Each structure stands twice: as structure tokens, then as C-alpha cells.
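File shown: data-v9.pdb. Contents: PDB, C-alpha atoms, pLDDT in the B column.
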```pdb
MODEL        1
ATOM      1  CA  MET A 117      40.732 -26.233  73.884  1.00 50.00           C
ATOM      2  CA  GLY A 118      39.878 -29.875  74.672  1.00 57.00           C
ATOM      3  CA  GLN A 119      41.996 -32.464  76.391  1.00 61.00           C
ATOM      4  CA  THR A 120      43.871 -34.917  74.262  1.00 77.00           C
ATOM      5  CA  PHE A 121      43.389 -38.644  74.628  1.00 75.00           C
ATOM      6  CA  ASP A 122      46.774 -38.881  76.414  1.00 76.00           C
ATOM      7  CA  GLN A 123      45.729 -36.249  78.955  1.00 77.00           C
ATOM      8  CA  MET A 124      42.459 -38.037  79.683  1.00 81.00           C
ATOM      9  CA  LYS A 125      44.250 -41.375  79.975  1.00 82.00           C
ATOM     10  CA  MET A 126      46.782 -39.850  82.396  1.00 78.00           C
ATOM     11  CA  LEU A 127      44.038 -38.254  84.528  1.00 81.00           C
ATOM     12  CA  ASN A 128      42.247 -41.615  84.725  1.00 85.00           C
ATOM     13  CA  GLN A 129      45.488 -43.265  85.851  1.00 83.00           C
ATOM     14  CA  LEU A 130      45.930 -40.554  88.473  1.00 82.00           C
ATOM     15  CA  ARG A 131      42.394 -41.055  89.816  1.00 85.00           C
ATOM     16  CA  LYS A 132      42.938 -44.821  89.911  1.00 88.00           C
ATOM     17  CA  ALA A 133      46.202 -44.392  91.841  1.00 85.00           C
ATOM     18  CA  GLN A 134      44.469 -42.083  94.336  1.00 84.00           C
ATOM     19  CA  LYS A 135      41.740 -44.693  94.897  1.00 86.00           C
ATOM     20  CA  GLU A 136      44.360 -47.382  95.411  1.00 88.00           C
ATOM     21  CA  LEU A 137      46.043 -45.271  98.091  1.00 89.00           C
ATOM     22  CA  LYS A 138      42.861 -45.471 100.178  1.00 89.00           C
ATOM     23  CA  ASN A 139      43.351 -49.236 100.332  1.00 91.00           C
ATOM     24  CA  GLU A 140      47.084 -49.182 101.065  1.00 91.00           C
ATOM     25  CA  ILE A 141      47.261 -49.705 104.832  1.00 95.00           C
ATOM     26  CA  VAL A 142      50.431 -49.253 106.841  1.00 95.00           C
ATOM     27  CA  GLU A 143      50.416 -50.832 110.280  1.00 97.00           C
ATOM     28  CA  VAL A 144      52.984 -49.850 112.902  1.00 97.00           C
ATOM     29  CA  GLU A 145      53.310 -50.904 116.500  1.00 97.00           C
ATOM     30  CA  ALA A 146      55.221 -49.886 119.583  1.00 97.00           C
ATOM     31  CA  GLY A 147      55.698 -51.288 123.059  1.00 96.00           C
ATOM     32  CA  ASP A 148      55.724 -54.864 121.786  1.00 96.00           C
ATOM     33  CA  GLY A 149      52.187 -54.485 120.438  1.00 96.00           C
ATOM     34  CA  ALA A 150      50.882 -52.251 123.218  1.00 97.00           C
ATOM     35  CA  VAL A 151      49.979 -49.633 120.616  1.00 98.00           C
ATOM     36  CA  VAL A 152      49.050 -50.418 117.016  1.00 98.00           C
ATOM     37  CA  VAL A 153      48.205 -47.707 114.483  1.00 98.00           C
ATOM     38  CA  GLN A 154      46.921 -48.169 110.929  1.00 97.00           C
ATOM     39  CA  ILE A 155      47.290 -45.328 108.416  1.00 96.00           C
ATOM     40  CA  ASN A 156      46.302 -45.487 104.753  1.00 93.00           C
ATOM     41  CA  GLY A 157      48.118 -44.123 101.719  1.00 91.00           C
ATOM     42  CA  GLU A 158      46.015 -40.957 101.870  1.00 90.00           C
ATOM     43  CA  LEU A 159      47.604 -40.291 105.286  1.00 92.00           C
ATOM     44  CA  LYS A 160      44.332 -40.904 107.104  1.00 94.00           C
ATOM     45  CA  VAL A 161      44.267 -42.794 110.383  1.00 96.00           C
ATOM     46  CA  LYS A 162      42.180 -45.940 109.978  1.00 96.00           C
ATOM     47  CA  LYS A 163      42.553 -47.522 113.393  1.00 97.00           C
ATOM     48  CA  VAL A 164      44.303 -47.129 116.747  1.00 97.00           C
ATOM     49  CA  THR A 165      44.483 -50.066 119.131  1.00 98.00           C
ATOM     50  CA  ILE A 166      45.841 -50.009 122.689  1.00 97.00           C
ATOM     51  CA  ASP A 167      46.346 -53.273 124.581  1.00 97.00           C
ATOM     52  CA  PRO A 168      45.597 -52.448 128.250  1.00 96.00           C
ATOM     53  CA  GLU A 169      47.468 -55.566 129.389  1.00 96.00           C
ATOM     54  CA  LYS A 170      50.722 -54.149 128.013  1.00 96.00           C
ATOM     55  CA  VAL A 171      50.292 -50.600 129.345  1.00 95.00           C
ATOM     56  CA  ASP A 172      51.627 -49.476 132.711  1.00 94.00           C
ATOM     57  CA  LEU A 173      49.237 -46.747 133.853  1.00 91.00           C
ATOM     58  CA  ASP A 174      51.847 -45.605 136.363  1.00 95.00           C
ATOM     59  CA  ASP A 175      54.064 -44.699 133.407  1.00 95.00           C
ATOM     60  CA  ILE A 176      51.628 -42.902 131.123  1.00 95.00           C
ATOM     61  CA  HIS A 177      54.560 -41.069 129.488  1.00 97.00           C
ATOM     62  CA  GLU A 178      55.710 -44.382 128.041  1.00 97.00           C
ATOM     63  CA  LEU A 179      52.283 -44.885 126.442  1.00 97.00           C
ATOM     64  CA  GLU A 180      52.375 -41.349 125.045  1.00 97.00           C
ATOM     65  CA  ARG A 181      55.831 -42.008 123.566  1.00 97.00           C
ATOM     66  CA  TRP A 182      54.619 -45.237 121.952  1.00 98.00           C
ATOM     67  CA  ILE A 183      51.649 -43.441 120.402  1.00 97.00           C
ATOM     68  CA  GLU A 184      53.859 -40.621 119.105  1.00 97.00           C
ATOM     69  CA  ASN A 185      56.305 -43.146 117.632  1.00 97.00           C
ATOM     70  CA  CYS A 186      53.508 -45.062 115.904  1.00 97.00           C
ATOM     71  CA  PHE A 187      52.095 -41.942 114.299  1.00 97.00           C
ATOM     72  CA  ARG A 188      55.507 -40.633 113.242  1.00 97.00           C
ATOM     73  CA  ASP A 189      56.586 -43.971 111.742  1.00 97.00           C
ATOM     74  CA  GLY A 190      53.170 -44.703 110.242  1.00 96.00           C
ATOM     75  CA  TYR A 191      52.917 -41.338 108.504  1.00 96.00           C
ATOM     76  CA  ALA A 192      56.465 -41.659 107.177  1.00 96.00           C
ATOM     77  CA  LYS A 193      55.765 -45.118 105.718  1.00 95.00           C
ATOM     78  CA  ALA A 194      52.384 -44.100 104.286  1.00 94.00           C
ATOM     79  CA  GLN A 195      53.913 -40.988 102.722  1.00 93.00           C
ATOM     80  CA  GLU A 196      56.628 -43.123 101.152  1.00 93.00           C
ATOM     81  CA  ILE A 197      53.999 -45.414  99.604  1.00 91.00           C
ATOM     82  CA  ALA A 198      52.027 -42.424  98.296  1.00 89.00           C
ATOM     83  CA  THR A 199      55.147 -40.824  96.824  1.00 88.00           C
ATOM     84  CA  ASP A 200      56.210 -44.050  95.106  1.00 87.00           C
ATOM     85  CA  LYS A 201      52.760 -44.529  93.593  1.00 83.00           C
ATOM     86  CA  MET A 202      52.220 -40.927  92.504  1.00 82.00           C
ATOM     87  CA  LYS A 203      55.717 -39.876  91.387  1.00 80.00           C
ATOM     88  CA  PRO A 204      55.650 -41.501  87.920  1.00 77.00           C
ATOM     89  CA  LEU A 205      52.206 -40.045  87.250  1.00 75.00           C
ATOM     90  CA  MET A 206      53.120 -36.539  88.409  1.00 70.00           C
ATOM     91  CA  GLY A 207      56.136 -36.462  86.101  1.00 65.00           C
ATOM     92  CA  ALA A 208      54.010 -37.554  83.171  1.00 59.00           C
ATOM     93  CA  LEU A 209      51.341 -34.950  83.973  1.00 57.00           C
ATOM     94  CA  GLY A 210      53.995 -32.219  83.940  1.00 58.00           C
ATOM     95  CA  ASN A 211      55.081 -33.331  80.481  1.00 54.00           C
ATOM     96  CA  ILE A 212      51.598 -32.881  79.032  1.00 51.00           C
ATOM     97  CA  GLY A 213      51.202 -29.404  80.469  1.00 50.00           C
ATOM     98  CA  LEU A 214      48.681 -29.917  83.287  1.00 46.00           C
TER      99      LEU A 214
ENDMDL
END
```
Can I see the file as C-alpha cells?
Amino acid sequence: MGQTFDQMKMLNQLRKAQKELKNEIVEVEAGDGAVVVQINGELKVKKVTIDPEKVDLDDIHELERWIENCFRDGYAKAQEIATDKMKPLMGALGNIGL
């Protein structure tokens, strides 16, 4: 049983949306720019930057908290972007029986 044109079109749209998520970059910071984390729409970490001038090495727990906050907030925002982009496609895929 072959795929219909609509199914193939929908799968192509899904693949395109997945590719676009690679390029969607969320950037979050903490500690007034001491820590900056970039996460893409596929929930992959692209970059972590720590500004040594803004970090107090005597309070390493503060740095750890900033890093944790960046990852938590970054993943939440990236997940939101992914959900918004994929939700309409997932509903349509369900309707065509995939």
C-alpha cells in the first residue's frame, strides 16, 4: 500500500520543520551575562560562554546556580519553539493515519 500525495507532502513538511529547528537558537544568560548558553530547537547545546570577569571564584555555588538556570530556561524556551513548530504537523499526521 503506497503513500498518498498528501502523506508524502506532510512528511516533507515535517522533515523541513525538523531541519529548521536546528537553526532556531535560543540564547539565555544569567549573572548579568556571566553565563550565556545557546540551545537549538532540537534541544542540543550549541555554545556555553562564561565571562571570568563576572565570576567570583570564592562563590563557585553562584556560578553553578547561574549555569543551572541557563540550562533550565534555555531548554524550556527551546522546547516551546519546537512544540509550536511541530504541533500543527503532528496533528495533521495523525489525521492521515501515520
Starting from 3 Å padding per side, set up an axis-aligned box that covers all listed atoms of segment 145-148 of chain A and hand over centre and edge lengths in Å, one decimal, as AutoDock Vina command-line options.
```
--center_x 54.5 --center_y -52.4 --center_z 119.8 --size_x 8.4 --size_y 11.0 --size_z 12.6
```
Take the point (48.2, -49.6, 109.9) as written in the file and pick out every residue within 10 Å of it, counting all atoms listed in the file; give the list as a VMD selection string.
chain A and resid 140 to 145 152 to 157 160 to 165 186 to 187 190 to 191 193 to 194
Straight-line distance linking atom CA of Lys125 of chain A with atom CA of Leu205 of chain A, stated in Å to one decimal:
10.9 Å
Tell me which of A:Glu169, A:Val151, A:Asn128, A:Gln134 sits closest to Glu184 of chain A, counting only C-alpha atoms.
A:Val151
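Relative to atom CA of Glu196 of chain A, atom CA of Trp182 of chain A is found at 21.0 Å.
Atom pair atom CA of Met126 of chain A / atom CA of Met206 of chain A has a distance of 9.3 Å (rounded to one decimal).
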The PyMOL selection byres ((chain A and resi 130) around 12) resolved against shown file, as an MDAnalysis selection string
chainID A and resid 123:129 131:137 198 201:209
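Closest approach to Gln195 of chain A among A:Glu158, A:Thr120, A:Ala146, A:Lys138: A:Glu158, based on only C-alpha atoms.
Closest approach to Leu179 of chain A among A:Asp200, A:Asn139, A:Gly149, A:Asp122 is made by A:Gly149 (distances from all atoms listed in the file).
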Once N, CA and C atoms are restored for segment 144-174 of chain A, what would the output be as a tab-separated table (two decimals), in the coordinates of the input?
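That gives us selection-v7.tsv:
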```tsv
chain	number	residue	atom	x	y	z
A	144	VAL	N	51.78	-49.96	112.08
A	144	VAL	CA	52.98	-49.85	112.90
A	144	VAL	C	52.61	-50.11	114.35
A	145	GLU	N	53.58	-50.63	115.10
A	145	GLU	CA	53.31	-50.90	116.50
A	145	GLU	C	54.48	-50.45	117.35
A	146	ALA	N	54.19	-50.26	118.61
A	146	ALA	CA	55.22	-49.89	119.58
A	146	ALA	C	54.90	-50.57	120.90
A	147	GLY	N	55.91	-50.67	121.76
A	147	GLY	CA	55.70	-51.29	123.06
A	147	GLY	C	55.34	-52.75	122.95
A	148	ASP	N	55.98	-53.44	121.99
A	148	ASP	CA	55.72	-54.86	121.79
A	148	ASP	C	54.24	-55.15	121.56
A	149	GLY	N	53.60	-54.29	120.76
A	149	GLY	CA	52.19	-54.48	120.44
A	149	GLY	C	51.23	-53.77	121.37
A	150	ALA	N	51.76	-52.99	122.31
A	150	ALA	CA	50.88	-52.25	123.22
A	150	ALA	C	50.05	-51.22	122.45
A	151	VAL	N	50.67	-50.62	121.46
A	151	VAL	CA	49.98	-49.63	120.62
A	151	VAL	C	50.14	-50.06	119.17
A	152	VAL	N	49.03	-50.10	118.44
A	152	VAL	CA	49.05	-50.42	117.02
A	152	VAL	C	48.25	-49.33	116.30
A	153	VAL	N	48.86	-48.76	115.26
A	153	VAL	CA	48.20	-47.71	114.48
A	153	VAL	C	48.20	-48.12	113.01
A	154	GLN	N	47.05	-47.93	112.36
A	154	GLN	CA	46.92	-48.17	110.93
A	154	GLN	C	46.64	-46.84	110.24
A	155	ILE	N	47.43	-46.56	109.20
A	155	ILE	CA	47.29	-45.33	108.42
A	155	ILE	C	47.25	-45.74	106.95
A	156	ASN	N	46.35	-45.11	106.17
A	156	ASN	CA	46.30	-45.49	104.75
A	156	ASN	C	47.18	-44.56	103.92
A	157	GLY	N	47.27	-44.87	102.63
A	157	GLY	CA	48.12	-44.12	101.72
A	157	GLY	C	47.68	-42.69	101.50
A	158	GLU	N	46.48	-42.34	101.93
A	158	GLU	CA	46.02	-40.96	101.87
A	158	GLU	C	46.38	-40.21	103.15
A	159	LEU	N	47.17	-40.86	104.00
A	159	LEU	CA	47.60	-40.29	105.29
A	159	LEU	C	46.44	-40.06	106.24
A	160	LYS	N	45.46	-40.95	106.17
A	160	LYS	CA	44.33	-40.90	107.10
A	160	LYS	C	44.45	-42.06	108.08
A	161	VAL	N	44.21	-41.76	109.35
A	161	VAL	CA	44.27	-42.79	110.38
A	161	VAL	C	43.04	-43.68	110.24
A	162	LYS	N	43.28	-44.98	110.12
A	162	LYS	CA	42.18	-45.94	109.98
A	162	LYS	C	41.82	-46.57	111.31
A	163	LYS	N	42.84	-46.82	112.15
A	163	LYS	CA	42.55	-47.52	113.39
A	163	LYS	C	43.69	-47.31	114.39
A	164	VAL	N	43.34	-47.18	115.65
A	164	VAL	CA	44.30	-47.13	116.75
A	164	VAL	C	43.86	-48.16	117.78
A	165	THR	N	44.78	-49.03	118.14
A	165	THR	CA	44.48	-50.07	119.13
A	165	THR	C	45.49	-49.97	120.27
A	166	ILE	N	44.99	-50.01	121.50
A	166	ILE	CA	45.84	-50.01	122.69
A	166	ILE	C	45.50	-51.26	123.50
A	167	ASP	N	46.52	-52.05	123.79
A	167	ASP	CA	46.35	-53.27	124.58
A	167	ASP	C	46.56	-52.93	126.06
A	168	PRO	N	45.48	-52.87	126.85
A	168	PRO	CA	45.60	-52.45	128.25
A	168	PRO	C	46.48	-53.38	129.09
A	169	GLU	N	46.63	-54.62	128.64
A	169	GLU	CA	47.47	-55.57	129.39
A	169	GLU	C	48.95	-55.21	129.29
A	170	LYS	N	49.31	-54.47	128.24
A	170	LYS	CA	50.72	-54.15	128.01
A	170	LYS	C	51.06	-52.71	128.40
A	171	VAL	N	50.09	-52.00	128.99
A	171	VAL	CA	50.29	-50.60	129.34
A	171	VAL	C	50.39	-50.47	130.86
A	172	ASP	N	51.44	-49.77	131.29
A	172	ASP	CA	51.63	-49.48	132.71
A	172	ASP	C	51.05	-48.08	132.97
A	173	LEU	N	49.89	-48.03	133.62
A	173	LEU	CA	49.24	-46.75	133.85
A	173	LEU	C	50.04	-45.84	134.79
A	174	ASP	N	50.98	-46.42	135.52
A	174	ASP	CA	51.85	-45.60	136.36
A	174	ASP	C	52.92	-44.90	135.54
```
